[in-house]
Each structure stands twice: as C-alpha cells, then as structure tokens.
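A.B. asks: Please find one structure pasted underneath; my questions will follow.
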Amino acid sequence: MRLALFLFALLVFNSSAWAAKTILVMGDSLSAGYGIRLEQAWPSLLGKRLAEKRLDYSVANLSISGETTAGGRARFAQAIKQQKPSVVIIALGANDGLRGLPLTQMRDNLNVMVDAARAAGASVLLAGMRLPPNYGPYATEFQASFANISRSKKTALLEFLLEPVAIRPELFQADNLHPTAEAQPLILDHVWPALAPLLK
C-alpha cells in the first residue's frame with residue numbers, strides 16, 4: 001500500500017515538474033488571426049516553433065479582434081488566474097490608437113497589465129504599435145508610449161509588431177490593416193529574438 005502511494009506521489013510530482021510552461025498572448029485582431037485560419041496566425045506558428053525546438057512551453061492565445069487595452073485589462077486577471085503563465089506577451093493598443101482614445105487611459109491599462117503579470121511571477125514582452133502619420137502629434141505620442149512603459153517597468157520591448165511587413169502592401173489583406181497568412185512567419189521571426197531571452 002505504501003509503495004503504491006509512493007509511486008502515485010512520484011508520478012504526480014514528475015508530471016507537474018515536467019508540465020509545459022505557458023506563454024500567454026493578449027492581443028487584438030493582429031494576433032487573433034483575423035481573416036485567416038487561426039492555425040496560420042503568428043501565435044499558432046510560435047507554438048509550432050517551440051515544439052520543434054523542444055522547448056517546454058505551450059501558447060495560450062487569448063487575443064480578440066477589436067480588443068482595446070481596456071478590454072484586455074478587464075480580462076487580464078482571469079486570464080492570469082486560469083493560465084498561470086511564465087511569459088506574457090501584451091500586444092494591445094492598436095485599436096485604442098485607431099479610435100483616438102485617450103493615451104493616458106491606454107498607458108494606465110498597459111501599466112496595470114504589466115504589474116499584474118509581474119505580480120504573478122511572469123516575464124513580460126510588450127509589443128508596440130504605430131499609427132499612420134496623418135494622426136499627427138497623437139501618433140508620435142502613441143508610439144512613444146510603449147517605449148516609455150517598457151523603460152519605466154523594465155520589461156522587454158518589441159518596438160513595432162508589424163515592422164517586417166508594414167511597408168509591403170502585398171502582405172496585407174484587402175482592408176490594408178490586417179496581415180495575410182504569408183506575413184505571419186515574418187511576424188514570428190520578428191517576435192522571436194525579443195521573446196527568446198525570456199524563455200528559461
């Protein structure tokens with residue numbers, strides 16, 4: 001009986017010790033696979049790369065099309081509780097910018113999410129965005145917000161999620177806002193160097 005209990009305890013310990021750690025992606029349509037199949041989106045490709053490299057991580061992509069930083073903040077505590085992530089990628093803000101929402105509000109929401117992730121013991125990668133020049137000074141302040149948060153919170157920063165595809169119109173869908181399936185591997189290759197140092 002004692003041997004059986006010992007073996008059971010050993011099995012439970014080993015399974016928990018070797019359980020895959022989680023990378024939580026909190027984003028909007030740019031990470032949710034809008035207009036393409038979900039398995040083609042860069043977070044899904046990230047999961048495949050982790051498996052290929054035999055890294056003990058899984059990806060929980062909780063991105064929602066149309067999501068703002070306020071929406072992400074409202075869902076964040078529950079997401080952290082359920083997923084217990086080791087790494088959190090926060091890729092929100094594009095919809096705040098496109099709608100011209102107050103940047104003080106956006107920064108506050110991002111700061112709250114970074115703090116909550118840190119409090120839960122997770123490392124954070126903040127993915128920045130940019131707006132078209134016709135947004136004027138608002139676009140400049142919008143772009144600077146991500147770097148300022150990263151600097152003040154000492155988090156990893158990806159300055160512009162769409163950097164490798166932004167000036168290649170053939171890699172965008174008809175709406176000129178959402179990258180095509182062909183663009184997703186390029187986005188992943190851009191994300192990877194910023195993410196890799198956070199993987200333990």
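Letters for chains follow the order of the structure tokens (A, B, ...), residue numbers begin at 1 for each chain, and ligand numbers begin at 1 in the order shown.
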In segment 7-182 of chain A, what's helix (DSSP H, G or I) per DSSP? Answer as a PyMOL selection string?
C.D. replies: chain A and resi 7-17+29-32+38-40+42-52+69-83+94-98+103-119+133-135+137-153+169-171+181-182
A.B. asks: Give me the residues of segment 144-168 of chain A that have any atom at most 7 Å from an atom of segment 110-124 of chain A; for each, the nearest atom pair and the distance in Å, rounded to one decimal. Use only C-alpha atoms, sort by chain and number, and format it as JSON lines.
C.D. replies:
{"residue": "A:Ile149", "atom": "CA", "partner": "A:Asn111", "partner_atom": "CA", "distance": 7.0}
{"residue": "A:Thr155", "atom": "CA", "partner": "A:Val124", "partner_atom": "CA", "distance": 5.8}
{"residue": "A:Ala156", "atom": "CA", "partner": "A:Val124", "partner_atom": "CA", "distance": 6.3}
A.B. asks: For the residues in the current selection, export C-alpha atoms as a compact mmCIF listing (two decimals), in the first residue's frame.
C.D. replies:
# COMPACT_ATOMS: atom_id res chain seq x y z
CA ILE A 149 6.27 51.93 -20.34
CA THR A 155 10.15 44.97 -19.47
CA ALA A 156 11.26 43.53 -22.79
A.B. asks: Might you pull out every residue within 7 Å of segment 78-85 of chain A, with only C-alpha atoms counted and same-chain residues fewer than 2 positions away left off, and present them as a VMD selection string?
C.D. replies: chain A and resid 21 to 24 75 to 76 87 to 88 122
A.B. asks: Using only C-alpha atoms, which residue out of A:Gly27, A:Pro185, A:Gly47, A:Pro133 lies closest to Ile89 of chain A?
C.D. replies: A:Gly27
A.B. asks: Run DSSP on the backbone and grab whatever in segment 42-121 of chain A lands in strand (DSSP E); send it over as a JSON list (two decimals) with N, CA and C atoms, in the first residue's frame.
C.D. replies:
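The resulting file, states-v2.json, is shown below:
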[["chain", "number", "residue", "atom", "x", "y", "z"],
["A", 57, "TYR", "N", 7.28, 24.78, -23.54],
["A", 57, "TYR", "CA", 6.29, 25.86, -23.44],
["A", 57, "TYR", "C", 5.11, 25.55, -24.35],
["A", 58, "SER", "N", 3.94, 25.98, -23.90],
["A", 58, "SER", "CA", 2.76, 25.98, -24.75],
["A", 58, "SER", "C", 2.29, 27.42, -24.89],
["A", 59, "VAL", "N", 1.45, 27.68, -25.90],
["A", 59, "VAL", "CA", 0.96, 29.04, -26.15],
["A", 59, "VAL", "C", -0.54, 29.10, -25.92],
["A", 60, "ALA", "N", -0.96, 30.03, -25.07],
["A", 60, "ALA", "CA", -2.38, 30.31, -24.87],
["A", 60, "ALA", "C", -2.67, 31.65, -25.53],
["A", 61, "ASN", "N", -3.30, 31.62, -26.68],
["A", 61, "ASN", "CA", -3.59, 32.85, -27.41],
["A", 61, "ASN", "C", -5.00, 33.31, -27.08],
["A", 87, "VAL", "N", 5.34, 33.54, -19.17],
["A", 87, "VAL", "CA", 5.63, 34.70, -20.01],
["A", 87, "VAL", "C", 4.32, 35.26, -20.53],
["A", 88, "VAL", "N", 4.20, 36.58, -20.55],
["A", 88, "VAL", "CA", 3.01, 37.23, -21.11],
["A", 88, "VAL", "C", 3.45, 38.17, -22.22],
["A", 89, "ILE", "N", 2.84, 38.01, -23.39],
["A", 89, "ILE", "CA", 3.07, 38.95, -24.49],
["A", 89, "ILE", "C", 1.84, 39.85, -24.57],
["A", 90, "ILE", "N", 2.03, 41.12, -24.32],
["A", 90, "ILE", "CA", 0.93, 42.09, -24.39],
["A", 90, "ILE", "C", 1.04, 42.82, -25.72],
["A", 91, "ALA", "N", 0.11, 42.53, -26.62],
["A", 91, "ALA", "CA", 0.12, 43.12, -27.97],
["A", 91, "ALA", "C", -1.18, 43.88, -28.19]]
A.B. asks: So how far away is atom CA of Gln143 of chain A from atom CA of Pro102 of chain A, in Å?
C.D. replies: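 One can read the atom CA of Pro102 of chain A to atom CA of Gln143 of chain A distance as 13.3 Å.
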A.B. asks: Have a look at atom CA of Leu195 of chain A and atom CA of Ala183 of chain A and let me know their distance in Å, one decimal.
C.D. replies: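 Calculated distance between atom CA of Leu195 of chain A and atom CA of Ala183 of chain A is 18.5 Å.
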A.B. asks: Which polymer residues have any atom within 10 Å of an atom of Leu101 of chain A, counting only C-alpha atoms, with same-chain residues fewer than 6 positions away left out, as JSON, numbers by chain?
C.D. replies: {"A": [68, 93, 95, 138]}
A.B. asks: With a distance cut-off of 9 Å and only C-alpha atoms, select the neighbouring residues of segment 144-146 of chain A, excluding the residue or stretch itself and same-chain residues fewer than 4 positions from it, and output the selection as number ranges by chain.
C.D. replies: A: 103, 106-107, 110, 126-129, 139-140, 150-151, 157-159
A.B. asks: Convert the current residue selection to file output with N, CA and C atoms, as a CSV table (one decimal), in the first residue's frame.
C.D. replies:
chain,number,residue,atom,x,y,z
A,103,LEU,N,-4.6,58.6,-24.6
A,103,LEU,CA,-3.4,57.9,-24.4
A,103,LEU,C,-3.1,57.7,-22.9
A,106,MET,N,-4.8,54.5,-22.2
A,106,MET,CA,-4.1,53.4,-22.7
A,106,MET,C,-2.9,53.0,-21.9
A,107,ARG,N,-2.1,54.0,-21.5
A,107,ARG,CA,-0.9,53.8,-20.8
A,107,ARG,C,-1.3,53.2,-19.4
A,110,LEU,N,-2.2,49.5,-19.8
A,110,LEU,CA,-1.0,48.7,-20.1
A,110,LEU,C,-0.1,48.5,-18.8
A,126,LEU,N,6.3,43.5,-24.1
A,126,LEU,CA,5.4,44.4,-24.6
A,126,LEU,C,5.6,44.7,-26.1
A,127,ALA,N,4.6,44.5,-26.9
A,127,ALA,CA,4.7,44.7,-28.3
A,127,ALA,C,4.0,46.0,-28.7
A,128,GLY,N,4.9,46.9,-29.2
A,128,GLY,CA,4.4,48.2,-29.6
A,128,GLY,C,3.7,48.3,-30.9
A,129,MET,N,3.0,49.4,-31.2
A,129,MET,CA,2.4,49.6,-32.5
A,129,MET,C,2.7,51.0,-32.9
A,139,ALA,N,0.0,60.4,-33.0
A,139,ALA,CA,0.7,59.2,-33.5
A,139,ALA,C,2.1,59.2,-32.8
A,140,THR,N,2.8,60.3,-32.7
A,140,THR,CA,4.1,60.4,-32.1
A,140,THR,C,4.0,60.0,-30.6
A,150,SER,N,7.9,50.4,-21.2
A,150,SER,CA,8.9,49.4,-21.2
A,150,SER,C,10.1,49.9,-20.3
A,151,ARG,N,10.5,51.1,-20.5
A,151,ARG,CA,11.6,51.7,-19.8
A,151,ARG,C,11.3,51.8,-18.3
A,157,LEU,N,10.8,44.8,-24.8
A,157,LEU,CA,10.0,45.6,-25.7
A,157,LEU,C,10.3,45.1,-27.2
A,158,LEU,N,9.2,44.9,-27.9
A,158,LEU,CA,9.2,44.8,-29.3
A,158,LEU,C,8.6,46.1,-29.9
A,159,GLU,N,9.4,47.0,-30.5
A,159,GLU,CA,9.0,48.3,-30.7
A,159,GLU,C,7.8,48.4,-31.6
A.B. asks: Give me, as a ChimeraX atom specification, all polymer residues having an atom no more than 8 Å from segment 38-44 of chain A, counting only C-alpha atoms and skipping those fewer than 2 positions away in the same chain.
C.D. replies: /A:25,31-34,36,46-48,59,61,181,184-185,187-188
A.B. asks: What is the atom CA of Met26 of chain A-atom CA of Leu62 of chain A distance in Å, reported with one decimal?
C.D. replies: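 According to the coordinates, atom CA of Met26 of chain A and atom CA of Leu62 of chain A are separated by 5.4 Å.
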A.B. asks: Neighbouring residues of Leu55 of chain A were defined as those with any atom within 10 Å, considering only C-alpha atoms; residues of the same chain fewer than 3 positions away were excluded. Please report them as a list in words.
C.D. replies: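 Contacts, with the query itself left out: Ala20, Lys21, Gly47, Arg49, Leu50, Ala51, Glu52, Ser58, Leu199 and Lys200 of chain A.
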A.B. asks: Would you output that residue set with N, CA and C atoms, as a short mmCIF file (atom, residue, chain, number, x, y, z; two decimals), in the first residue's frame?
C.D. replies:
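Writing the result to again16.cif gives the following:
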data_model
loop_
_atom_site.label_atom_id
_atom_site.label_comp_id
_atom_site.auth_asym_id
_atom_site.auth_seq_id
_atom_site.Cartn_x
_atom_site.Cartn_y
_atom_site.Cartn_z
N ALA A 20 4.38 21.64 -19.26
CA ALA A 20 4.81 22.75 -20.10
C ALA A 20 4.44 24.08 -19.46
N LYS A 21 5.36 25.01 -19.51
CA LYS A 21 5.07 26.37 -19.07
C LYS A 21 4.26 27.06 -20.16
N GLY A 47 3.74 28.38 -31.33
CA GLY A 47 3.58 27.09 -30.67
C GLY A 47 4.31 25.99 -31.41
N ARG A 49 6.92 26.37 -33.39
CA ARG A 49 8.36 26.58 -33.28
C ARG A 49 8.88 26.08 -31.93
N LEU A 50 8.13 26.35 -30.88
CA LEU A 50 8.54 25.89 -29.55
C LEU A 50 8.63 24.36 -29.52
N ALA A 51 7.66 23.71 -30.17
CA ALA A 51 7.67 22.25 -30.22
C ALA A 51 8.86 21.74 -31.03
N GLU A 52 9.13 22.39 -32.14
CA GLU A 52 10.26 21.98 -32.99
C GLU A 52 11.59 22.13 -32.26
N SER A 58 3.94 25.98 -23.90
CA SER A 58 2.76 25.98 -24.75
C SER A 58 2.29 27.42 -24.89
N LEU A 199 12.62 32.98 -22.27
CA LEU A 199 12.31 31.57 -22.12
C LEU A 199 13.41 30.90 -21.30
N LYS A 200 13.04 30.38 -20.16
CA LYS A 200 14.04 29.81 -19.23
C LYS A 200 14.18 28.31 -19.46
#
